[in-house]
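Quick look at work20.pdb (PDB, C-alpha atoms, pLDDT in the B column):
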```pdb
ATOM      1  CA  GLY E 902       0.000   0.000   0.000  1.00 84.00           C
ATOM      2  CA  ASP E 903       0.847   3.669  -0.099  1.00 90.00           C
ATOM      3  CA  SER E 904       3.324   5.047   2.412  1.00 93.00           C
ATOM      4  CA  VAL E 905       5.112   8.229   3.435  1.00 95.00           C
ATOM      5  CA  THR E 906       8.602   8.296   4.947  1.00 96.00           C
ATOM      6  CA  GLN E 907      10.125  11.150   6.898  1.00 96.00           C
ATOM      7  CA  THR E 908      13.716  10.326   7.705  1.00 94.00           C
ATOM      8  CA  GLU E 909      14.384  12.961  10.349  1.00 95.00           C
ATOM      9  CA  GLY E 910      12.668  12.442  13.667  1.00 94.00           C
ATOM     10  CA  GLN E 911      14.098  15.636  15.127  1.00 96.00           C
ATOM     11  CA  VAL E 912      15.922  18.644  13.703  1.00 97.00           C
ATOM     12  CA  ALA E 913      17.660  21.306  15.776  1.00 98.00           C
ATOM     13  CA  LEU E 914      18.617  24.597  14.141  1.00 98.00           C
ATOM     14  CA  SER E 915      19.573  28.136  15.030  1.00 98.00           C
ATOM     15  CA  GLU E 916      17.553  31.132  13.862  1.00 97.00           C
ATOM     16  CA  GLU E 917      18.246  32.096  10.234  1.00 97.00           C
ATOM     17  CA  ASP E 918      19.494  28.586   9.384  1.00 98.00           C
ATOM     18  CA  PHE E 919      18.285  26.838   6.246  1.00 98.00           C
ATOM     19  CA  LEU E 920      15.778  24.044   6.825  1.00 98.00           C
ATOM     20  CA  THR E 921      15.283  20.836   4.899  1.00 98.00           C
ATOM     21  CA  ILE E 922      12.946  18.084   6.083  1.00 98.00           C
ATOM     22  CA  HIS E 923      12.912  15.065   3.816  1.00 98.00           C
ATOM     23  CA  CYS E 924       9.734  13.360   2.674  1.00 98.00           C
ATOM     24  CA  ASN E 925       9.596  10.407   0.315  1.00 98.00           C
ATOM     25  CA  TYR E 926       6.505   8.556  -0.750  1.00 97.00           C
ATOM     26  CA  SER E 927       5.480   5.266  -2.280  1.00 95.00           C
ATOM     27  CA  ALA E 928       2.275   5.242  -4.290  1.00 93.00           C
ATOM     28  CA  SER E 929       0.949   4.658  -7.763  1.00 87.00           C
ATOM     29  CA  GLY E 930       0.014   7.484 -10.067  1.00 88.00           C
ATOM     30  CA  TYR E 931       0.098  11.081  -8.878  1.00 90.00           C
ATOM     31  CA  PRO E 932      -1.199  11.262  -5.328  1.00 93.00           C
ATOM     32  CA  ALA E 933      -1.757  14.676  -3.797  1.00 95.00           C
ATOM     33  CA  LEU E 934       1.039  15.528  -1.359  1.00 97.00           C
ATOM     34  CA  PHE E 935       0.617  17.731   1.688  1.00 97.00           C
ATOM     35  CA  TRP E 936       2.576  19.363   4.476  1.00 98.00           C
ATOM     36  CA  TYR E 937       0.968  20.038   7.854  1.00 97.00           C
ATOM     37  CA  VAL E 938       2.401  21.743  10.940  1.00 97.00           C
ATOM     38  CA  GLN E 939       1.436  20.966  14.523  1.00 94.00           C
ATOM     39  CA  TYR E 940       2.105  23.317  17.416  1.00 93.00           C
ATOM     40  CA  PRO E 941       2.016  22.087  21.025  1.00 90.00           C
ATOM     41  CA  GLY E 942      -1.520  21.495  22.265  1.00 88.00           C
ATOM     42  CA  GLU E 943      -3.050  21.852  18.810  1.00 90.00           C
ATOM     43  CA  GLY E 944      -4.011  19.603  15.936  1.00 92.00           C
ATOM     44  CA  PRO E 945      -2.121  19.552  12.633  1.00 95.00           C
ATOM     45  CA  GLN E 946      -2.673  22.622  10.442  1.00 96.00           C
ATOM     46  CA  PHE E 947      -2.505  22.604   6.667  1.00 96.00           C
ATOM     47  CA  LEU E 948       0.559  24.327   5.205  1.00 97.00           C
ATOM     48  CA  PHE E 949       0.233  23.610   1.489  1.00 97.00           C
ATOM     49  CA  ARG E 950      -0.243  20.894  -1.099  1.00 97.00           C
ATOM     50  CA  ALA E 951       0.818  19.878  -4.609  1.00 96.00           C
ATOM     51  CA  SER E 952      -0.720  17.347  -6.959  1.00 94.00           C
ATOM     52  CA  ARG E 953       1.341  17.378 -10.179  1.00 94.00           C
ATOM     53  CA  ASP E 954       4.925  16.599 -11.016  1.00 96.00           C
ATOM     54  CA  LYS E 955       7.162  19.706 -10.648  1.00 97.00           C
ATOM     55  CA  GLU E 956       4.373  21.663  -8.943  1.00 97.00           C
ATOM     56  CA  LYS E 957       5.624  23.819  -6.074  1.00 98.00           C
ATOM     57  CA  GLY E 958       3.574  24.394  -2.973  1.00 97.00           C
ATOM     58  CA  SER E 959       4.411  27.201  -0.594  1.00 98.00           C
ATOM     59  CA  SER E 960       3.185  29.058   2.464  1.00 97.00           C
ATOM     60  CA  ARG E 961       4.694  31.248   5.195  1.00 95.00           C
ATOM     61  CA  GLY E 962       8.168  30.985   3.630  1.00 97.00           C
ATOM     62  CA  PHE E 963       8.046  27.185   3.479  1.00 98.00           C
ATOM     63  CA  GLU E 964       8.078  25.432   0.122  1.00 98.00           C
ATOM     64  CA  ALA E 965       8.271  21.985  -1.429  1.00 98.00           C
ATOM     65  CA  THR E 966       8.338  20.707  -5.003  1.00 98.00           C
ATOM     66  CA  TYR E 967       6.563  17.559  -6.137  1.00 97.00           C
ATOM     67  CA  ASP E 968       9.168  15.299  -7.722  1.00 97.00           C
ATOM     68  CA  LYS E 969       7.772  12.178  -9.328  1.00 96.00           C
ATOM     69  CA  GLY E 970      11.228  11.021 -10.434  1.00 96.00           C
ATOM     70  CA  THR E 971      12.624  10.827  -6.912  1.00 96.00           C
ATOM     71  CA  THR E 972       9.172  10.336  -5.280  1.00 97.00           C
ATOM     72  CA  SER E 973       9.913  13.210  -2.931  1.00 98.00           C
ATOM     73  CA  PHE E 974       8.287  16.325  -1.498  1.00 98.00           C
ATOM     74  CA  HIS E 975      10.998  17.809   0.713  1.00 98.00           C
ATOM     75  CA  LEU E 976      10.105  20.780   2.902  1.00 98.00           C
ATOM     76  CA  ARG E 977      12.483  23.743   2.778  1.00 98.00           C
ATOM     77  CA  LYS E 978      12.742  27.177   4.314  1.00 98.00           C
ATOM     78  CA  ALA E 979      15.572  29.603   3.710  1.00 98.00           C
ATOM     79  CA  SER E 980      15.687  31.205   7.153  1.00 97.00           C
ATOM     80  CA  VAL E 981      13.920  29.664  10.137  1.00 98.00           C
ATOM     81  CA  GLN E 982      12.647  31.553  13.164  1.00 97.00           C
ATOM     82  CA  GLU E 983      12.077  30.415  16.732  1.00 97.00           C
ATOM     83  CA  SER E 984       8.336  30.562  16.066  1.00 96.00           C
ATOM     84  CA  ASP E 985       8.758  27.804  13.444  1.00 97.00           C
ATOM     85  CA  SER E 986       9.441  25.302  16.216  1.00 97.00           C
ATOM     86  CA  ALA E 987       6.774  22.625  15.786  1.00 97.00           C
ATOM     87  CA  VAL E 988       6.174  19.129  14.418  1.00 96.00           C
ATOM     88  CA  TYR E 989       5.926  18.903  10.632  1.00 98.00           C
ATOM     89  CA  TYR E 990       3.995  16.122   8.913  1.00 98.00           C
ATOM     90  CA  CYS E 991       4.173  15.064   5.295  1.00 98.00           C
ATOM     91  CA  ALA E 992       1.007  13.368   4.027  1.00 97.00           C
ATOM     92  CA  LEU E 993      -0.290  11.843   0.836  1.00 95.00           C
ATOM     93  CA  GLY E 994      -3.738  11.183  -0.515  1.00 93.00           C
ATOM     94  CA  ASP E 995      -4.260   7.448  -0.464  1.00 88.00           C
ATOM     95  CA  SER E 996      -4.463   6.248  -4.059  1.00 82.00           C
ATOM     96  CA  ASN E 997      -6.279   3.007  -3.276  1.00 81.00           C
ATOM     97  CA  SER E 998      -9.307   4.336  -1.458  1.00 80.00           C
ATOM     98  CA  GLY E 999      -9.195   7.926  -2.674  1.00 81.00           C
ATOM     99  CA  THR E1000     -10.847   9.072   0.538  1.00 90.00           C
ATOM    100  CA  TYR E1001      -8.229   9.919   3.163  1.00 93.00           C
ATOM    101  CA  GLN E1002      -4.614  10.936   3.744  1.00 95.00           C
ATOM    102  CA  ARG E1003      -1.733   8.899   5.093  1.00 95.00           C
ATOM    103  CA  PHE E1004       0.674  10.716   7.364  1.00 96.00           C
ATOM    104  CA  GLY E1005       4.399  10.368   7.911  1.00 95.00           C
ATOM    105  CA  THR E1006       5.871   9.935  11.356  1.00 94.00           C
ATOM    106  CA  GLY E1007       6.497  13.660  11.757  1.00 96.00           C
ATOM    107  CA  THR E1008       9.651  15.716  12.241  1.00 97.00           C
ATOM    108  CA  LYS E1009      10.078  17.802  15.355  1.00 97.00           C
ATOM    109  CA  LEU E1010      11.814  21.071  14.556  1.00 98.00           C
ATOM    110  CA  GLN E1011      13.419  23.026  17.352  1.00 98.00           C
ATOM    111  CA  VAL E1012      14.844  26.452  16.539  1.00 97.00           C
ATOM    112  CA  VAL E1013      16.964  28.207  19.128  1.00 96.00           C
ATOM    113  CA  PRO E1014      17.565  31.969  19.116  1.00 92.00           C
TER     114      PRO E1014
ATOM    115  CA  GLY M 128      -9.370  29.962  10.060  1.00 76.00           C
ATOM    116  CA  PRO M 129     -11.961  27.189  10.297  1.00 82.00           C
ATOM    117  CA  LYS M 130     -12.027  25.429  13.654  1.00 89.00           C
ATOM    118  CA  VAL M 131     -12.775  21.880  14.657  1.00 96.00           C
ATOM    119  CA  LEU M 132     -13.595  21.465  18.340  1.00 96.00           C
ATOM    120  CA  GLN M 133     -13.015  18.273  20.277  1.00 97.00           C
ATOM    121  CA  ILE M 134     -14.563  17.532  23.641  1.00 95.00           C
ATOM    122  CA  PRO M 135     -13.167  16.537  26.096  1.00 95.00           C
ATOM    123  CA  SER M 136      -9.469  17.292  25.747  1.00 96.00           C
ATOM    124  CA  HIS M 137      -8.560  14.481  28.132  1.00 97.00           C
ATOM    125  CA  GLN M 138     -10.570  11.433  29.217  1.00 97.00           C
ATOM    126  CA  ILE M 139      -9.519   8.869  31.783  1.00 97.00           C
ATOM    127  CA  ILE M 140     -11.497   5.653  31.853  1.00 97.00           C
ATOM    128  CA  ASP M 141     -11.309   2.153  33.291  1.00 97.00           C
ATOM    129  CA  MET M 142     -10.737  -0.725  30.911  1.00 98.00           C
ATOM    130  CA  GLY M 143     -14.007  -2.295  29.798  1.00 97.00           C
ATOM    131  CA  GLN M 144     -16.059   0.866  30.123  1.00 97.00           C
ATOM    132  CA  MET M 145     -17.610   2.768  27.255  1.00 97.00           C
ATOM    133  CA  VAL M 146     -16.286   6.121  26.084  1.00 97.00           C
ATOM    134  CA  THR M 147     -17.609   8.644  23.586  1.00 97.00           C
ATOM    135  CA  LEU M 148     -15.335  11.204  21.993  1.00 97.00           C
ATOM    136  CA  ASN M 149     -17.078  14.254  20.584  1.00 97.00           C
ATOM    137  CA  CYS M 150     -16.160  16.393  17.604  1.00 97.00           C
ATOM    138  CA  ASP M 151     -17.773  19.577  16.322  1.00 96.00           C
ATOM    139  CA  PRO M 152     -16.557  19.831  12.713  1.00 96.00           C
ATOM    140  CA  VAL M 153     -16.323  22.941  10.537  1.00 94.00           C
ATOM    141  CA  SER M 154     -19.898  23.978   9.805  1.00 91.00           C
ATOM    142  CA  ASN M 155     -20.047  23.577   6.012  1.00 89.00           C
ATOM    143  CA  HIS M 156     -17.853  20.488   5.804  1.00 93.00           C
ATOM    144  CA  LEU M 157     -19.289  17.211   4.584  1.00 92.00           C
ATOM    145  CA  TYR M 158     -16.542  14.661   5.243  1.00 95.00           C
ATOM    146  CA  PHE M 159     -15.404  13.653   8.688  1.00 96.00           C
ATOM    147  CA  TYR M 160     -12.466  11.609   9.943  1.00 97.00           C
ATOM    148  CA  TRP M 161     -10.928  10.064  13.023  1.00 98.00           C
ATOM    149  CA  TYR M 162      -7.194   9.479  13.345  1.00 98.00           C
ATOM    150  CA  LYS M 163      -5.375   7.748  16.202  1.00 97.00           C
ATOM    151  CA  GLN M 164      -1.911   8.670  17.450  1.00 94.00           C
ATOM    152  CA  ILE M 165      -0.152   6.582  20.068  1.00 93.00           C
ATOM    153  CA  LEU M 166       2.495   8.575  21.928  1.00 86.00           C
ATOM    154  CA  GLY M 167       5.648   8.861  19.859  1.00 80.00           C
ATOM    155  CA  GLN M 168       4.142   7.162  16.827  1.00 86.00           C
ATOM    156  CA  GLN M 169       2.587   8.377  13.629  1.00 87.00           C
ATOM    157  CA  MET M 170      -0.998   9.460  13.172  1.00 93.00           C
ATOM    158  CA  GLU M 171      -3.007   6.560  11.747  1.00 96.00           C
ATOM    159  CA  PHE M 172      -6.287   6.772   9.853  1.00 96.00           C
ATOM    160  CA  LEU M 173      -9.190   5.093  11.593  1.00 98.00           C
ATOM    161  CA  VAL M 174     -12.348   5.915   9.709  1.00 97.00           C
ATOM    162  CA  ASN M 175     -14.106   8.466   7.552  1.00 95.00           C
ATOM    163  CA  PHE M 176     -17.772   9.349   7.298  1.00 95.00           C
ATOM    164  CA  TYR M 177     -19.982  11.018   4.732  1.00 94.00           C
ATOM    165  CA  ASN M 178     -23.715  11.427   4.285  1.00 92.00           C
ATOM    166  CA  GLY M 179     -24.486   9.420   7.380  1.00 92.00           C
ATOM    167  CA  LYS M 180     -22.320   6.448   6.470  1.00 94.00           C
ATOM    168  CA  VAL M 181     -18.816   5.092   6.939  1.00 96.00           C
ATOM    169  CA  MET M 182     -16.918   5.383   3.653  1.00 94.00           C
ATOM    170  CA  GLU M 183     -13.681   3.706   4.598  1.00 94.00           C
ATOM    171  CA  LYS M 184     -12.200   2.169   7.734  1.00 95.00           C
ATOM    172  CA  SER M 185      -8.761   0.837   8.533  1.00 95.00           C
ATOM    173  CA  LYS M 186      -7.830  -2.360  10.306  1.00 95.00           C
ATOM    174  CA  LEU M 187      -7.386  -0.262  13.464  1.00 96.00           C
ATOM    175  CA  PHE M 188     -11.127   0.411  13.483  1.00 97.00           C
ATOM    176  CA  LYS M 189     -12.068  -2.581  15.593  1.00 96.00           C
ATOM    177  CA  ASP M 190     -15.571  -3.986  16.053  1.00 96.00           C
ATOM    178  CA  GLN M 191     -15.728  -2.178  19.386  1.00 97.00           C
ATOM    179  CA  PHE M 192     -15.550   1.172  17.578  1.00 98.00           C
ATOM    180  CA  SER M 193     -18.489   3.007  16.066  1.00 98.00           C
ATOM    181  CA  VAL M 194     -19.084   6.462  14.617  1.00 97.00           C
ATOM    182  CA  GLU M 195     -22.167   8.546  14.020  1.00 96.00           C
ATOM    183  CA  ARG M 196     -23.363  12.092  13.519  1.00 94.00           C
ATOM    184  CA  PRO M 197     -27.030  12.211  14.461  1.00 85.00           C
ATOM    185  CA  ASP M 198     -28.944  15.139  12.901  1.00 80.00           C
ATOM    186  CA  GLY M 199     -25.940  17.361  12.291  1.00 74.00           C
ATOM    187  CA  SER M 200     -24.834  17.379  15.894  1.00 86.00           C
ATOM    188  CA  TYR M 201     -21.470  16.158  17.127  1.00 94.00           C
ATOM    189  CA  PHE M 202     -19.537  13.622  15.085  1.00 97.00           C
ATOM    190  CA  THR M 203     -18.752  10.958  17.666  1.00 97.00           C
ATOM    191  CA  LEU M 204     -16.388   8.055  18.108  1.00 98.00           C
ATOM    192  CA  LYS M 205     -17.638   5.468  20.562  1.00 98.00           C
ATOM    193  CA  ILE M 206     -15.513   2.680  21.967  1.00 98.00           C
ATOM    194  CA  GLN M 207     -17.364  -0.093  23.794  1.00 97.00           C
ATOM    195  CA  PRO M 208     -15.719  -1.790  25.584  1.00 97.00           C
ATOM    196  CA  THR M 209     -12.397  -0.011  25.887  1.00 97.00           C
ATOM    197  CA  ALA M 210      -9.070  -1.866  26.027  1.00 97.00           C
ATOM    198  CA  LEU M 211      -5.652  -0.795  27.285  1.00 97.00           C
ATOM    199  CA  GLU M 212      -4.349  -0.486  23.722  1.00 96.00           C
ATOM    200  CA  ASP M 213      -6.983   2.151  22.999  1.00 97.00           C
ATOM    201  CA  SER M 214      -4.940   4.659  25.004  1.00 97.00           C
ATOM    202  CA  ALA M 215      -3.892   7.316  22.490  1.00 97.00           C
ATOM    203  CA  VAL M 216      -4.685  10.788  21.235  1.00 97.00           C
ATOM    204  CA  TYR M 217      -7.662  10.762  18.885  1.00 98.00           C
ATOM    205  CA  PHE M 218      -7.844  13.528  16.300  1.00 97.00           C
ATOM    206  CA  CYS M 219     -11.013  14.472  14.532  1.00 98.00           C
ATOM    207  CA  ALA M 220     -10.831  16.192  11.139  1.00 97.00           C
ATOM    208  CA  SER M 221     -13.246  17.481   8.543  1.00 96.00           C
ATOM    209  CA  SER M 222     -13.040  18.549   4.900  1.00 95.00           C
ATOM    210  CA  THR M 223     -15.218  20.008   2.164  1.00 93.00           C
ATOM    211  CA  GLY M 224     -14.359  17.260  -0.313  1.00 88.00           C
ATOM    212  CA  LEU M 225     -12.805  13.826  -0.422  1.00 87.00           C
ATOM    213  CA  GLY M 226      -9.831  13.552   1.905  1.00 85.00           C
ATOM    214  CA  ASP M 227      -7.270  12.334  -0.596  1.00 85.00           C
ATOM    215  CA  GLN M 228      -7.285  15.685  -2.412  1.00 87.00           C
ATOM    216  CA  ASN M 229      -8.674  18.215   0.025  1.00 90.00           C
ATOM    217  CA  THR M 230      -7.317  19.961   3.069  1.00 94.00           C
ATOM    218  CA  LEU M 231      -8.098  18.296   6.368  1.00 96.00           C
ATOM    219  CA  TYR M 232      -8.957  20.589   9.284  1.00 96.00           C
ATOM    220  CA  PHE M 233      -8.037  19.005  12.593  1.00 97.00           C
ATOM    221  CA  GLY M 234      -9.155  19.478  16.145  1.00 97.00           C
ATOM    222  CA  ALA M 235      -6.681  19.666  19.020  1.00 96.00           C
ATOM    223  CA  GLY M 236      -7.277  16.018  19.895  1.00 97.00           C
ATOM    224  CA  THR M 237      -8.695  14.053  22.807  1.00 98.00           C
ATOM    225  CA  ARG M 238      -6.153  12.227  24.930  1.00 97.00           C
ATOM    226  CA  LEU M 239      -7.738   8.943  26.029  1.00 98.00           C
ATOM    227  CA  SER M 240      -6.158   7.109  28.937  1.00 97.00           C
ATOM    228  CA  VAL M 241      -7.499   3.601  29.587  1.00 97.00           C
ATOM    229  CA  LEU M 242      -6.483   2.240  32.983  1.00 97.00           C
TER     230      LEU M 242
END
```

Could I get this file's structure written as structure tokens?
Amino acid sequence: GDSVTQTEGQVALSEEDFLTIHCNYSASGYPALFWYVQYPGEGPQFLFRASRDKEKGSSRGFEATYDKGTTSFHLRKASVQESDSAVYYCALGDSNSGTYQRFGTGTKLQVVP
Amino acid sequence: GPKVLQIPSHQIIDMGQMVTLNCDPVSNHLYFYWYKQILGQQMEFLVNFYNGKVMEKSKLFKDQFSVERPDGSYFTLKIQPTALEDSAVYFCASSTGLGDQNTLYFGAGTRLSVL
């Protein structure tokens, strides 16, 4: 079945560092890919999505490009801030059922001033 | 932005008892979901619901689980009877369209502790 892999469980950065969180997927066709962010005490919040090869999604300075060739949707931000500290989830629309999203294990980002 | 409310935020219950988790989805949304997250693990799909019926359920959605949304009130997840392995955070979500393509709006979760 479909799956999403996030290789980094935790990432620690200083303010103004460049961020990359890796997301790779396994699915047939062109599933929609999503990034969500979860702050402490809250549920995941939608960041952005992409559904076609080479499509770029972006929001709040974060961006990711759908890459069918490498089956990836890596999250990047040029300059992180302390307020970006949160858990980031990559998700994909399940191609078998077509009715829900599968989530990765999440990456906890901690940014220190 | 749109808000999904979950009540209660934390529920402690003895094994074997019944529990109902309540979700107030975004008002104009038509599709509803429950996800389960055991501490330190990934969020797993349980079930989704549309037009009064379950559309899809995962293998985690045991026979002891049921969902309903009577007359547009709360979307509920009922577990009867509860087991120790049901301890987790349960997230409710809603969307305007099918969940594989559309944004999911999540509540803050209900932490269920089964003793």

Counting only C-alpha atoms, find residues at most 8 Å from (-4.7, 6.9, 22.9) (file frame) and give them as a VMD selection string.
chain M and resid 163 to 166 212 to 217 238 to 241

Selection near Val1012 in chain E, 6 Å with all atoms listed in the file, sequence-local residues under 4 positions removed, as a PDB file with C-alpha atoms, keeping the file's coordinate frame:
```pdb
ATOM      1  CA  ALA E 913      17.660  21.306  15.776  1.00 98.00           C
ATOM      2  CA  LEU E 914      18.617  24.597  14.141  1.00 98.00           C
ATOM      3  CA  SER E 915      19.573  28.136  15.030  1.00 98.00           C
ATOM      4  CA  GLU E 983      12.077  30.415  16.732  1.00 97.00           C
ATOM      5  CA  SER E 986       9.441  25.302  16.216  1.00 97.00           C
TER       6      SER E 986
END
```

Please write as number ranges by chain the full residue list that the PyMOL selection byres ((chain M and resi 158-161) around 8) yields on this file.
M: 152, 156-157, 162-163, 172-178, 202, 204, 217-226

Restricting the calculation to all atoms listed in the file: of E:Tyr967, E:Lys1009, E:Arg961, E:Val938, which residue gets closest to Ala979 in chain E?
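Of the candidates, the smallest distance to Ala979 in chain E is held by E:Arg961.
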
Residue list as a ChimeraX atom specification for point (16.5, 12.0, 14.2), cut-off 12 Å, only C-alpha atoms:
/E:907-913,922-923,1006-1011

Check every residue of chain E for an atom within 9 Å of chain M, counting all atoms listed in the file, and provide those that qualify as a JSON list (two decimals) with C-alpha atoms, in the frame of the given file.
```json
[["chain", "number", "residue", "atom", "x", "y", "z"],
["E", 932, "PRO", "CA", -1.20, 11.26, -5.33],
["E", 933, "ALA", "CA", -1.76, 14.68, -3.80],
["E", 934, "LEU", "CA", 1.04, 15.53, -1.36],
["E", 935, "PHE", "CA", 0.62, 17.73, 1.69],
["E", 942, "GLY", "CA", -1.52, 21.50, 22.26],
["E", 943, "GLU", "CA", -3.05, 21.85, 18.81],
["E", 944, "GLY", "CA", -4.01, 19.60, 15.94],
["E", 945, "PRO", "CA", -2.12, 19.55, 12.63],
["E", 946, "GLN", "CA", -2.67, 22.62, 10.44],
["E", 947, "PHE", "CA", -2.50, 22.60, 6.67],
["E", 949, "PHE", "CA", 0.23, 23.61, 1.49],
["E", 950, "ARG", "CA", -0.24, 20.89, -1.10],
["E", 952, "SER", "CA", -0.72, 17.35, -6.96],
["E", 993, "LEU", "CA", -0.29, 11.84, 0.84],
["E", 994, "GLY", "CA", -3.74, 11.18, -0.52],
["E", 995, "ASP", "CA", -4.26, 7.45, -0.46],
["E", 996, "SER", "CA", -4.46, 6.25, -4.06],
["E", 998, "SER", "CA", -9.31, 4.34, -1.46],
["E", 999, "GLY", "CA", -9.20, 7.93, -2.67],
["E", 1000, "THR", "CA", -10.85, 9.07, 0.54],
["E", 1001, "TYR", "CA", -8.23, 9.92, 3.16],
["E", 1002, "GLN", "CA", -4.61, 10.94, 3.74],
["E", 1003, "ARG", "CA", -1.73, 8.90, 5.09],
["E", 1004, "PHE", "CA", 0.67, 10.72, 7.36],
["E", 1005, "GLY", "CA", 4.40, 10.37, 7.91],
["E", 1006, "THR", "CA", 5.87, 9.94, 11.36],
["E", 1007, "GLY", "CA", 6.50, 13.66, 11.76]]
```

Exactly which residues make up the result of the PyMOL selection byres ((chain M and resi 139-148) around 7) on this file, given as a compact mmCIF listing (two decimals) with C-alpha atoms, in the frame of the given file?
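So out.txt came out as:
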```txt
# COMPACT_ATOMS: atom_id res chain seq x y z
CA ILE M 134 -14.56 17.53 23.64
CA HIS M 137 -8.56 14.48 28.13
CA GLN M 138 -10.57 11.43 29.22
CA ASN M 149 -17.08 14.25 20.58
CA CYS M 150 -16.16 16.39 17.60
CA THR M 203 -18.75 10.96 17.67
CA LEU M 204 -16.39 8.06 18.11
CA LYS M 205 -17.64 5.47 20.56
CA ILE M 206 -15.51 2.68 21.97
CA GLN M 207 -17.36 -0.09 23.79
CA PRO M 208 -15.72 -1.79 25.58
CA THR M 209 -12.40 -0.01 25.89
CA ALA M 210 -9.07 -1.87 26.03
CA LEU M 211 -5.65 -0.80 27.28
CA LEU M 239 -7.74 8.94 26.03
CA SER M 240 -6.16 7.11 28.94
CA VAL M 241 -7.50 3.60 29.59
CA LEU M 242 -6.48 2.24 32.98
```

What separation in Å, quoted to one decimal, exists between CA of Glu195 in chain M and CA of Gly179 in chain M?
7.1 Å

For CA of Tyr989 in chain E and CA of Leu187 in chain M, the interatomic separation in Å (one decimal):
23.5 Å

Could you tell me how far CA of Arg977 in chain E lies from CA of Val153 in chain M, in Å and to one decimal?
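If I compute the distance from CA of Arg977 in chain E to CA of Val153 in chain M, I get 29.8 Å.
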
Taking only C-alpha atoms into account, which of E:Thr906, E:Gly930, E:Phe963, E:Lys957 comes nearest Asp985 in chain E?
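Ranking E:Thr906, E:Gly930, E:Phe963, E:Lys957 by distance to Asp985 in chain E, first place goes to E:Phe963.
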
Kindly complete range 202-214 of chain M to N, CA, C and O atoms; the output should be written as a JSON list (two decimals), in the coordinates of the input.
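Wrote it out as out.json, contents follow:
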```json
[["chain", "number", "residue", "atom", "x", "y", "z"],
["M", 202, "PHE", "N", -20.02, 14.84, 15.72],
["M", 202, "PHE", "CA", -19.54, 13.62, 15.08],
["M", 202, "PHE", "C", -18.82, 12.86, 16.20],
["M", 202, "PHE", "O", -17.89, 13.39, 16.80],
["M", 203, "THR", "N", -19.27, 11.64, 16.49],
["M", 203, "THR", "CA", -18.75, 10.96, 17.67],
["M", 203, "THR", "C", -18.03, 9.66, 17.31],
["M", 203, "THR", "O", -18.37, 8.99, 16.33],
["M", 204, "LEU", "N", -17.06, 9.35, 18.14],
["M", 204, "LEU", "CA", -16.39, 8.06, 18.11],
["M", 204, "LEU", "C", -16.67, 7.38, 19.44],
["M", 204, "LEU", "O", -16.35, 7.91, 20.50],
["M", 205, "LYS", "N", -17.31, 6.20, 19.36],
["M", 205, "LYS", "CA", -17.64, 5.47, 20.56],
["M", 205, "LYS", "C", -16.81, 4.19, 20.60],
["M", 205, "LYS", "O", -16.67, 3.50, 19.58],
["M", 206, "ILE", "N", -16.27, 3.92, 21.77],
["M", 206, "ILE", "CA", -15.51, 2.68, 21.97],
["M", 206, "ILE", "C", -16.19, 1.92, 23.11],
["M", 206, "ILE", "O", -16.32, 2.44, 24.22],
["M", 207, "GLN", "N", -16.67, 0.71, 22.79],
["M", 207, "GLN", "CA", -17.36, -0.09, 23.79],
["M", 207, "GLN", "C", -17.15, -1.57, 23.52],
["M", 207, "GLN", "O", -17.64, -2.08, 22.51],
["M", 208, "PRO", "N", -16.43, -2.29, 24.41],
["M", 208, "PRO", "CA", -15.72, -1.79, 25.58],
["M", 208, "PRO", "C", -14.32, -1.31, 25.24],
["M", 208, "PRO", "O", -13.75, -1.71, 24.22],
["M", 209, "THR", "N", -13.76, -0.49, 26.11],
["M", 209, "THR", "CA", -12.40, -0.01, 25.89],
["M", 209, "THR", "C", -11.38, -1.07, 26.32],
["M", 209, "THR", "O", -11.65, -1.91, 27.19],
["M", 210, "ALA", "N", -10.19, -0.99, 25.70],
["M", 210, "ALA", "CA", -9.07, -1.87, 26.03],
["M", 210, "ALA", "C", -7.84, -0.99, 26.29],
["M", 210, "ALA", "O", -7.81, 0.17, 25.88],
["M", 211, "LEU", "N", -6.85, -1.57, 26.95],
["M", 211, "LEU", "CA", -5.65, -0.80, 27.28],
["M", 211, "LEU", "C", -4.99, -0.19, 26.05],
["M", 211, "LEU", "O", -4.51, 0.94, 26.08],
["M", 212, "GLU", "N", -5.01, -0.95, 24.95],
["M", 212, "GLU", "CA", -4.35, -0.49, 23.72],
["M", 212, "GLU", "C", -5.10, 0.64, 23.02],
["M", 212, "GLU", "O", -4.62, 1.18, 22.02],
["M", 213, "ASP", "N", -6.25, 1.01, 23.56],
["M", 213, "ASP", "CA", -6.98, 2.15, 23.00],
["M", 213, "ASP", "C", -6.44, 3.48, 23.52],
["M", 213, "ASP", "O", -6.85, 4.54, 23.05],
["M", 214, "SER", "N", -5.55, 3.43, 24.49],
["M", 214, "SER", "CA", -4.94, 4.66, 25.00],
["M", 214, "SER", "C", -4.14, 5.33, 23.90],
["M", 214, "SER", "O", -3.25, 4.73, 23.30]]
```
